[in-house]
Amino acid sequence: MTPDYYLVLAAILFTIGAVGVLVRRNAIVLFMCIELMLNAANLTLVAFSRITGTLDGQIMAFFVMVVAAAEVVIGLAIIMSIFRARRSASVDDSNLLKY
Amino acid sequence: MEDLNLPPIDYAALSPILILFGVACLGVLVEAFAPRRARHPVQLVLAIGGSVAALVMVVLERNTRVVTIGDAVAIDGPSLFLQGAILLLGIVSLLLIGERSLEAGGPFVAQAALTVGSEKDNRQAQGAPGNTEIYPLAVFALSGMLLFVAANDLLTMFIALEVLSLPLYLLCALARRKRLLSQEAALKYFLLGSYASAFFLFGVALLYGYAGGVNLQQINEAVAASQNSDILLYAGLALLAIGLLFKVAAAPFHVWTPDVYQGAPTPVTAFMAACTKVAGFGALLRVLYVAFEGVQWDYQPVIGTIAVLTMIVGSVLAVTQQDIKRLLAYSSIANAGYLLVGVVAQNREGVSSTLFYLVAYGFTVLAAFGVVSLVRDADGEATHLSRWAGLGRRSPLLAAIFTFLMLAFAGIPLTSGFISKFVVFGAAIDGGQSWLVVAGVVTSMIIAFPYLRVIVMMWLSEPAETTPTVSVPGWMTSAAVFIGVLATLALGVVPSPLLDLTNDASLFVR
C-alpha cells in the first residue's frame with residue numbers, strides 16, 4: 001500500500017472543491033467546497049508526513065482543523081445575516097456592488 | 001522515551017505581538033463585563049494604548065536580529081520595520097475607527113445581528129451607540145499582521161493569515177448605514193478570501209512534501225539540494241503565491257478589492273488599504289527572498305508579468321470609475337503593481353524601496369479615506385463622484401487637502417508619492433528589470449488622469465443644490481488626516497531619514 005494514492009486522492013478532492021466554488025451558486029455550498037479544499041490539504045499533509053517520516057504534517061493538520069472551525073463560525077454568521085434580510089443564500093442575488 | 005525540550009523563547013523580541021494579543025483578549029472581556037456606557041472610551045483607550053505600548057517595544061527591540069520559538073518567528077530588520085509601520089498606521093486607523101462625532105453613534109452598527117430593514121434596524125440607524133466589538137476585532141487583526149510579517153515558517157504564516165483575515169471579514173459587515181452593501185462586501189471578501197487561503201494551504205502542503213518541513217530556511221536548503229520532483233516545488237510556490245497576491249490585491253486576484261472597499265465602512269476600508277497591504281507585502285517579501293532565492297530566475301518573469309497586469313488593470317479601470325471609494329480601490333490595485341516592481345527587483349534596494357513605498361502609501365491612503373468620511377449628506381457619506389462637483393467652493397480647506405493627496409497618488413514631486421515611485425523604479429533598473437519601469441511610467445501617466453479629473457471637478461464646477469456638506473470633523477479624524485497629510489509632505493520633502501532607516505532594515509535573517 002503506497003501513500004502516493006492518497007496524494008492523488010487529495011489532489012482530486014482539491015480540484016473538485018476548487019471547481020465547485022467556481023460553478024456553484026449557493027453560498028453554503030461554496031463554503032462546503034472551500035472546506036473540501038482545506039481537508040484535501042490536510043490529507044496531503046498527513047500523506048507527506050508518512051512519506052517523509054516526520055511528524056510535522058500531522059501537527060499541521062490539527063492546526064488546519066482549528067482554523068477551519070473558526071472560519072465556519074465567521075462564514076455562517078455572515079451568510080445568516082444576509083439570509084435574514086434577503087431570504088436567499090444565492091451569491092447571484094448579492095449584486096448591489098458593481099462597476 | 002526522551003524528555004520534551006521546550007525551544008528557547010525570546011519573550012522580549014515577541015513582546016509586540018504578545019501585547020496586542022493580550023490587549024485583544026482583554027477587549028473581549030471588557031465587552032462582556034463593562035457597563036454599556038463605559039465600553040466605548042475604555043475600548044478606545046485600551047486599543048490605542050496597547051498599540052502604542054507595542055510600538056514602544058518595537059522601538060526598544062530595534063537592534064534585535066533573532067530567530068526564536070523553535071524557528072517559527074524571525075525578528076529581523078524587515079519584520080521590525082514592518083511591525084512598526086503596521087502599528088503606526090494601525091494607530092491612525094484606530095483614530096478613524098473611533099470617531100463618533102460625524103454621525104450619532106459612529107459609523108458602525110449598534111447590533112450586527114439586527115435584520116436589515118426591520119423596525120429595530122431603523123431605530124438603531126437613528127443613532128444608537130455603535131457597537132464596540134470593533135476594537136478587539138481590529139486589534140486581533142493588527143496582532144495577526146504583526147505575526148504575519150515575522151512568520152518564519154509557513155504554518156505560522158498560515159495561522160497569522162487567518163488571524164488577520166477573519167476579523168477583517170467581520171469588520172466589513174458592520175456599517176451602520178447601507179448595511180446590505182456592507183454585508184455583501186463581507187460575503188464577497190469572506191468567500192474569495194477563504195478560497196485564496198485554501199490555495200495557500202495546499203501550496204504549504206506541497207512544499208512540505210518537497211522539503212520535508214515548512215521552515216523557510218529548510219525550503220531554501222531543499223531548493224538547492226532536494227532530490228524530490230520539481231513539480232512539487234513549482235506547484236507549491238504558485239499556490240502559495242496565489243494566496244499572498246490575493247491579500248495584496250494583485251491582478252488577476254484583485255476582483256474583490258473594489259467591491260469590498262466600497263461596501264465596507266470607510267474607517268475599515270482605510271485600515272485594510274493601509275495595514276493589510278503592508279502585512280501582505282511583508283510576507284511576500286520574506287517568502288520570496290528567504291525561501292525561494294534559489295529559483296528567483298524562474299519566478300521573476302511570472303511575478304513581473306503579474307506586476308504589469310496589475311498596473312494596467314488598476315490604472316485603466318480607475319479611469320472609468322464613478323465612485324470615489326472604488327476609484328481609491330483601483331488606485332490601491334495600481335499601487336500594488338508598483339510595489340510588486342520593487343519586490344521583483346531581487347536586490348537589497350528592492351526590499352528597502354518596497355518598505356519605503358508601503359509606509360508612504362499607507363499614510364496617504366489613510367488621509368484620503370479620512371477625507372472621504374467627511375463628505376456627507378442626509379444618507380451618510382456621499383461617495384458618488386458627481387456629488388463632489390463644486391466641493392472646492394463649499395469647503396476650500398478640505399478640497400485643498402484632497403487635492404494634495406490626489407497629487408501625491410499621481411506622484412508629483414515634493415510629495416511622498418514621487419519619492420516612493422522613484423526609489424522603487426530605481427531598484428528595478430538596478431535589478432535589470434527596465435521593462436517593468438517602462439510599464440510603470442506609462443501606467444502612472446494613465447492613472448494621473450482620474451486623479452486630475454477629481455481635482456478639476458472639485459474646483460472648476462459650480463456647487464449644486466445637492467452638493468453634500470462637509471461635516472466638521474472631531475479631533476480624532478482631524479488628527480488622522482493631519483498626520484497622513486504631514487507624513488505625505490514630510491516624506492516628499494525630506495525622505496532621507498526614512499530611506500536610511502529602510503536601508504538599515506532591509507536584511508533578512510536566515
# chains A, B, ... in the order shown; residues from 1 in each chain; ligands from 1
$ interface_residues --of "chain B" --to "chain A" --cutoff "7 Å" --atoms "only C-alpha atoms" --output "list in words"
Ala113, Thr115, Val116, Leu155, Leu166, Leu181, Gln183, Glu184, Leu187, Phe190, Tyr195, Ala198, Leu201, Phe202, Ala205, Gly209, Gly212, Gly213 and Asp259 of chain B
$ residues_around --residues "Thr383 in chain B" --least-positions-apart "5" --cutoff "10 Å" --atoms "only C-alpha atoms" --output "list in words"
Gln262, Gln322, Asp323, Ile324, Lys325, Arg326, Val372, Ser373, Val375, Arg376, Asp377, Trp388 and Pro468 of chain B
$ write_last_selection --atoms "C-alpha atoms" --output "tab-separated table (two decimals), in the first residue's frame"
chain	number	residue	atom	x	y	z
B	262	GLN	CA	-16.83	50.37	-1.48
B	322	GLN	CA	-17.83	56.95	-10.78
B	323	ASP	CA	-17.47	56.35	-7.05
B	324	ILE	CA	-14.65	57.82	-5.01
B	325	LYS	CA	-14.16	54.71	-2.87
B	326	ARG	CA	-13.99	52.48	-5.95
B	372	VAL	CA	-13.94	60.69	2.19
B	373	SER	CA	-15.62	60.02	5.54
B	375	VAL	CA	-18.18	64.46	2.80
B	376	ARG	CA	-21.72	63.61	3.83
B	377	ASP	CA	-25.38	64.24	3.18
B	388	TRP	CA	-18.17	66.02	-5.27
B	468	PRO	CA	-23.13	67.49	0.14
$ residues_around --residues "Phe148 in chain B" --least-positions-apart "5" --cutoff "7 Å" --atoms "only C-alpha atoms" --output "PyMOL selection string"
chain B and resi 157+160-161+279+283
$ residues_around --residues "Ala186 in chain B" --least-positions-apart "3" --cutoff "7 Å" --atoms "only C-alpha atoms" --output "list in words"
Tyr169, Leu170, Cys172, Ala173, Ser182, Gln183, Tyr189, Phe190 and Val260 of chain B
$ residues_around --residues "range 482-489 of chain B" --least-positions-apart "4" --cutoff "8 Å" --atoms "only C-alpha atoms" --output "VMD selection string"
chain B and resid 92 360 363 to 367 401 405 408 414 to 417 478 493
$ write_last_selection --atoms "all heavy atoms" --output "compact mmCIF listing (two decimals), in the first residue's frame"
# COMPACT_ATOMS: atom_id res chain seq x y z
N VAL B 92 -3.29 55.24 13.62
CA VAL B 92 -4.02 56.28 12.89
C VAL B 92 -5.38 55.73 12.44
O VAL B 92 -6.41 56.42 12.53
CB VAL B 92 -3.19 56.76 11.67
CG1 VAL B 92 -3.95 57.82 10.91
CG2 VAL B 92 -1.87 57.33 12.14
N ALA B 360 4.87 55.19 2.93
CA ALA B 360 4.42 56.43 2.29
C ALA B 360 2.99 56.27 1.79
O ALA B 360 2.12 57.11 2.05
CB ALA B 360 5.36 56.78 1.12
N PHE B 363 0.20 56.14 4.69
CA PHE B 363 -0.24 57.40 5.29
C PHE B 363 -1.12 58.18 4.33
O PHE B 363 -2.13 58.76 4.72
CB PHE B 363 0.98 58.23 5.71
CG PHE B 363 1.53 57.82 7.05
CD1 PHE B 363 2.75 57.20 7.15
CD2 PHE B 363 0.79 58.02 8.19
CE1 PHE B 363 3.26 56.81 8.38
CE2 PHE B 363 1.28 57.63 9.43
CZ PHE B 363 2.51 57.02 9.52
N THR B 364 -0.75 58.20 3.05
CA THR B 364 -1.54 58.97 2.10
C THR B 364 -2.95 58.40 2.00
O THR B 364 -3.95 59.13 1.99
CB THR B 364 -0.87 58.93 0.71
OG1 THR B 364 0.51 59.20 0.87
CG2 THR B 364 -1.47 59.97 -0.21
N VAL B 365 -3.05 57.05 1.94
CA VAL B 365 -4.37 56.46 1.72
C VAL B 365 -5.23 56.62 2.98
O VAL B 365 -6.46 56.83 2.88
CB VAL B 365 -4.22 55.00 1.27
CG1 VAL B 365 -4.05 54.06 2.43
CG2 VAL B 365 -5.40 54.57 0.45
N LEU B 366 -4.61 56.60 4.16
CA LEU B 366 -5.39 56.83 5.38
C LEU B 366 -6.01 58.22 5.37
O LEU B 366 -7.19 58.40 5.67
CB LEU B 366 -4.50 56.68 6.61
CG LEU B 366 -4.22 55.27 7.11
CD1 LEU B 366 -3.30 55.31 8.29
CD2 LEU B 366 -5.51 54.57 7.48
N ALA B 367 -5.19 59.22 5.01
CA ALA B 367 -5.70 60.58 4.97
C ALA B 367 -6.81 60.71 3.94
O ALA B 367 -7.83 61.36 4.17
CB ALA B 367 -4.57 61.56 4.67
N ILE B 401 -6.83 69.89 0.80
CA ILE B 401 -6.18 68.69 1.35
C ILE B 401 -6.32 67.53 0.39
O ILE B 401 -5.36 66.82 0.09
CB ILE B 401 -6.80 68.34 2.72
CG1 ILE B 401 -6.40 69.36 3.77
CG2 ILE B 401 -6.38 66.95 3.16
CD1 ILE B 401 -7.05 69.17 5.10
N LEU B 405 -3.55 65.24 -1.68
CA LEU B 405 -3.43 63.78 -1.59
C LEU B 405 -3.50 63.15 -2.97
O LEU B 405 -2.79 62.20 -3.28
CB LEU B 405 -4.53 63.22 -0.69
CG LEU B 405 -4.43 63.65 0.78
CD1 LEU B 405 -5.68 63.25 1.54
CD2 LEU B 405 -3.20 63.04 1.42
N ALA B 408 -0.32 63.51 -4.62
CA ALA B 408 0.64 62.56 -4.07
C ALA B 408 0.44 61.19 -4.71
O ALA B 408 1.41 60.51 -5.07
CB ALA B 408 0.49 62.47 -2.55
N LEU B 414 7.78 66.64 -4.55
CA LEU B 414 7.52 67.22 -3.24
C LEU B 414 6.42 66.50 -2.48
O LEU B 414 5.95 66.95 -1.45
CB LEU B 414 7.16 68.72 -3.32
CG LEU B 414 8.31 69.64 -3.68
CD1 LEU B 414 7.86 71.09 -3.63
CD2 LEU B 414 9.47 69.42 -2.73
N THR B 415 5.96 65.36 -3.01
CA THR B 415 5.08 64.52 -2.21
C THR B 415 5.77 63.16 -2.07
O THR B 415 6.67 62.82 -2.84
CB THR B 415 3.73 64.29 -2.89
OG1 THR B 415 3.96 63.61 -4.11
CG2 THR B 415 3.02 65.60 -3.16
N SER B 416 5.30 62.38 -1.08
CA SER B 416 5.93 61.08 -0.86
C SER B 416 5.68 60.14 -2.04
O SER B 416 6.47 59.24 -2.29
CB SER B 416 5.38 60.46 0.42
OG SER B 416 4.00 60.23 0.29
N GLY B 417 4.58 60.39 -2.78
CA GLY B 417 4.27 59.52 -3.92
C GLY B 417 5.38 59.54 -4.96
O GLY B 417 5.72 58.51 -5.55
N SER B 478 -9.64 64.64 12.54
CA SER B 478 -8.72 65.73 12.20
C SER B 478 -7.28 65.27 12.40
O SER B 478 -6.43 65.50 11.54
CB SER B 478 -8.95 66.96 13.07
OG SER B 478 -10.31 67.21 13.20
N VAL B 493 9.51 65.83 1.09
CA VAL B 493 10.50 66.91 1.15
C VAL B 493 11.82 66.41 1.75
O VAL B 493 12.89 66.67 1.21
CB VAL B 493 9.94 68.10 1.96
CG1 VAL B 493 10.96 69.23 2.01
CG2 VAL B 493 8.65 68.60 1.34
$ residues_around --residues "Phe246 in chain B" --least-positions-apart "5" --cutoff "10 Å" --atoms "only C-alpha atoms" --output "list of chain:residue names"
B:Leu192, B:Gly193, B:Tyr195, B:Ala196, B:Ser197, B:Phe200, B:Ala241, B:Ala251, B:Pro252, B:Phe253, B:His254, B:Val255, B:Trp256, B:Thr257, B:Gly280
$ atom_distance --atom1 "CA of Ala72 in chain B" --atom2 "CA of Ser143 in chain B"
15.7 Å
